[in-house]
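Working notes, beginning with the structure itself.
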Amino acid sequence: EVDADLAARVRSILTFMLNTLIEASFEKNTSKVDTVIKLLEYERELRTILDATEGLPQAKVHVELLEYGTLEAIAEALRRWRYHVLHLSCHATRGRLILEHEDGAVREVSAAELIETLRASDAMPPVVVLAGCQTGLSEIRSAGAATGEKPEPASDSEPTPVEVLPSIAQALTESGVACVIAMQEAVSDRYATELAGAFYRHLAGDDLPAAGVAL
């Protein structure tokens with residue numbers, strides 16, 4: 001049985017996509033079509049995860065879809081249920097997750113900000129799935145970038161000094177998350193969806209699920 005609130009949120013996504021397609025056809029606006037395509041990929045990933053857990057008793061599994069992709073919403077959800085798995089499906093770059101503010105504006109979130117949010121919830125999940133590109137790659141930036149300083153090379157023949165920061169995945173494991181699933185390269189939405197389906201089907205079908213074995 002699917003949670004009623006989850007079902008209502010899925011219906012709202014589908015209604016939004018339909019209305020957007022209608023608007024796009026009248027306005028001949030291809031950007032709105034692109035928006036719907038991205039949402040369809042998102043809905044497909046969600047459907048795959050729900051299918052993997054379908055039929056399991058609610059006492060064993062509870063899936064919650066967050067309406068807003070904000071750090072505040074994530075913290076609130078973790079405080080409510082103390083989830084075993086946090087699945088973040090979003091765009092990403094090296095060292096940054098692309099989430100959102102409460103008004104829907106884009107928010108680039110660093111590993112440190114995510115970790116602070118998880119710790120503040122007092123419910124650090126043992127498994128975090130980062131379904132975003134390059135979440136397993138280290139961040140490389142100019143030395144002193146965090147302070148705004150820009151060091152000069154010792155000579156014209158020497159490169160500007162750089163510093164290598166841990167990937168989001170590495171930072172999470174170092175902060176106490178037992179298992180982190182992340183991407184080493186740019187991946188397609190279809191790949192991320194198929195990986196999520198295989199992963200959750202294994203967890204759902206095992207009496208003693210182990211995230212590492214599921215991979």
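Labeling convention for the structure tokens: chains A, B, ... as they appear, residues from 1 per chain, ligands from 1 in order of appearance.
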Can you check which residues of region 15-200 of chain A DSSP gives as strand (DSSP E) on the backbone and send them as JSON, numbers by chain?
{"A": [85, 86, 87, 88, 89, 91, 92, 93, 96, 97, 98, 99, 100, 106, 107, 108, 109, 110, 127, 128, 129, 130, 131, 139, 140, 141, 142, 162, 163, 164, 165, 179, 180, 181]}
Applying 7 Å and only C-alpha atoms, which residues near region 39-53 of chain A remain after dropping the ones on its own chain fewer than 5 positions away? List them as a ChimeraX atom specification.
/A:189,193,196-197,200-201,204
For region 96-103 of chain A, find every residue with an atom within 7 Å (counting only C-alpha atoms), except residues of its own chain fewer than 6 positions away, and show them as a list in words.
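Contacts, in chain order: Gly69, Thr70, Cys90, Val109, Ser110 and Ala111 of chain A.
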At a cut-off of 9 Å, using only C-alpha atoms, what residues contact Gly176 (chain A)? Leave out same-chain residues fewer than 3 positions from it and give the result as a ChimeraX atom specification.
/A:124,126,171-173,179
Store the residues picked out above in a file with all heavy atoms, as a tab-separated table (two decimals), in the first residue's frame.
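So again35.tsv came out as:
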```
chain	number	residue	atom	x	y	z
A	124	MET	N	21.88	10.84	11.83
A	124	MET	CA	22.75	10.58	10.69
A	124	MET	C	22.38	9.24	10.07
A	124	MET	O	22.47	8.20	10.70
A	124	MET	CB	24.21	10.55	11.15
A	124	MET	CG	25.21	10.34	10.03
A	124	MET	SD	25.54	11.84	9.08
A	124	MET	CE	26.66	12.72	10.18
A	126	PRO	N	22.67	5.78	8.07
A	126	PRO	CA	23.83	4.91	7.81
A	126	PRO	C	24.16	4.76	6.33
A	126	PRO	O	25.28	4.41	5.98
A	126	PRO	CB	23.40	3.57	8.42
A	126	PRO	CG	21.91	3.62	8.46
A	126	PRO	CD	21.55	5.06	8.67
A	171	ALA	N	33.84	12.83	2.20
A	171	ALA	CA	33.54	13.67	3.36
A	171	ALA	C	32.44	13.06	4.22
A	171	ALA	O	32.49	13.10	5.45
A	171	ALA	CB	33.14	15.07	2.90
A	172	LEU	N	31.44	12.46	3.57
A	172	LEU	CA	30.34	11.83	4.32
A	172	LEU	C	30.84	10.62	5.10
A	172	LEU	O	30.47	10.43	6.26
A	172	LEU	CB	29.22	11.44	3.37
A	172	LEU	CG	28.33	12.57	2.85
A	172	LEU	CD1	27.45	12.08	1.71
A	172	LEU	CD2	27.49	13.16	3.97
A	173	THR	N	31.66	9.78	4.46
A	173	THR	CA	32.16	8.60	5.18
A	173	THR	C	33.06	9.01	6.34
A	173	THR	O	33.01	8.39	7.41
A	173	THR	CB	32.94	7.66	4.23
A	173	THR	OG1	33.99	8.39	3.59
A	173	THR	CG2	32.02	7.10	3.16
A	179	CYS	N	27.92	3.92	4.71
A	179	CYS	CA	27.98	3.55	3.29
A	179	CYS	C	27.47	4.71	2.44
A	179	CYS	O	26.38	5.22	2.70
A	179	CYS	CB	27.15	2.29	3.03
A	179	CYS	SG	27.10	1.78	1.30
```
Separation of CA of Asn29 (chain A) from CA of Leu14 (chain A), in Å and rounded to one decimal
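Spanning CA of Asn29 (chain A) to CA of Leu14 (chain A) is a straight-line distance of 18.9 Å.
Every protein, DNA or RNA residue with an atom at most 9 Å from Val180 (chain A), where only C-alpha atoms count and chain neighbours fewer than 4 positions away do not, is listed here: Pro126, Val127, Val128, Val129, Leu130, Ala169, Gln170, Leu172, Thr173 and Ala211 of chain A.
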Just asking: which residues within region 5-173 of chain A are alpha helix (DSSP H) according to DSSP, as a ChimeraX atom specification?
/A:5-27,30-53,71-81,111-120,168-173
What's the 12 Å shell around Leu18 (chain A), counting only C-alpha atoms, without same-chain residues fewer than 4 positions away, as JSON, numbers by chain?
{"A": [11, 12, 13, 14, 22, 23, 24, 25, 32, 33, 35, 36, 37, 39, 40]}
Dump of N, CA and C atoms for the selected residues, as a CSV table (one decimal), in the first residue's frame:
```csv
chain,number,residue,atom,x,y,z
A,11,ARG,N,0.9,12.7,-7.9
A,11,ARG,CA,-0.1,13.2,-8.7
A,11,ARG,C,0.1,14.7,-9.1
A,12,SER,N,0.6,15.4,-8.1
A,12,SER,CA,0.8,16.9,-8.3
A,12,SER,C,1.9,17.1,-9.3
A,13,ILE,N,2.9,16.2,-9.3
A,13,ILE,CA,4.0,16.3,-10.3
A,13,ILE,C,3.4,16.0,-11.7
A,14,LEU,N,2.6,15.0,-11.8
A,14,LEU,CA,2.1,14.6,-13.1
A,14,LEU,C,1.1,15.7,-13.6
A,22,ILE,N,0.9,21.6,-22.1
A,22,ILE,CA,-0.2,22.4,-22.7
A,22,ILE,C,0.3,23.8,-23.0
A,23,GLU,N,0.9,24.5,-21.9
A,23,GLU,CA,1.4,25.8,-22.1
A,23,GLU,C,2.5,25.9,-23.2
A,24,ALA,N,3.4,24.9,-23.2
A,24,ALA,CA,4.5,24.8,-24.2
A,24,ALA,C,3.9,24.8,-25.6
A,25,SER,N,2.9,24.0,-25.8
A,25,SER,CA,2.3,23.9,-27.1
A,25,SER,C,1.7,25.2,-27.6
A,32,LYS,N,10.2,24.8,-21.9
A,32,LYS,CA,9.2,24.1,-21.0
A,32,LYS,C,9.1,22.6,-21.3
A,33,VAL,N,9.3,22.3,-22.6
A,33,VAL,CA,9.3,20.9,-22.9
A,33,VAL,C,10.5,20.2,-22.3
A,35,THR,N,11.9,21.0,-19.5
A,35,THR,CA,11.5,20.9,-18.1
A,35,THR,C,10.7,19.6,-17.8
A,36,VAL,N,9.8,19.4,-18.7
A,36,VAL,CA,8.9,18.2,-18.5
A,36,VAL,C,9.8,16.9,-18.7
A,37,ILE,N,10.7,16.9,-19.7
A,37,ILE,CA,11.5,15.8,-19.9
A,37,ILE,C,12.3,15.4,-18.7
A,39,LEU,N,11.6,16.2,-15.6
A,39,LEU,CA,10.7,15.7,-14.6
A,39,LEU,C,10.2,14.3,-14.9
A,40,LEU,N,10.1,13.9,-16.1
A,40,LEU,CA,9.7,12.5,-16.5
A,40,LEU,C,10.9,11.6,-16.1
```
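Residue nearest Ala8 (chain A), chosen from A:Glu67, A:Leu195, A:Trp81, A:Thr160 and counting only C-alpha atoms: A:Glu67.
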Counting only C-alpha atoms, which residue out of A:Glu194, A:Ala7, A:Pro161, A:Ala120 sits closest to Leu66 (chain A)?
A:Ala7
Within 12 Å of Ala77 (chain A), counting only C-alpha atoms, which residues show up once you throw out same-chain ones fewer than 4 positions away? Write them as a VMD selection string, please.
chain A and resid 62 to 73 81 to 86 117 to 118 121 to 125
d(CA of Thr93 (chain A), CA of Ala182 (chain A)) in Å:
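Going from CA of Thr93 (chain A) over to CA of Ala182 (chain A), I get 11.8 Å.
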In Å, with one decimal, what is the gap from CA of Glu163 (chain A) to CA of His91 (chain A)?
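Pair CA of Glu163 (chain A) / CA of His91 (chain A) returns 23.5 Å.
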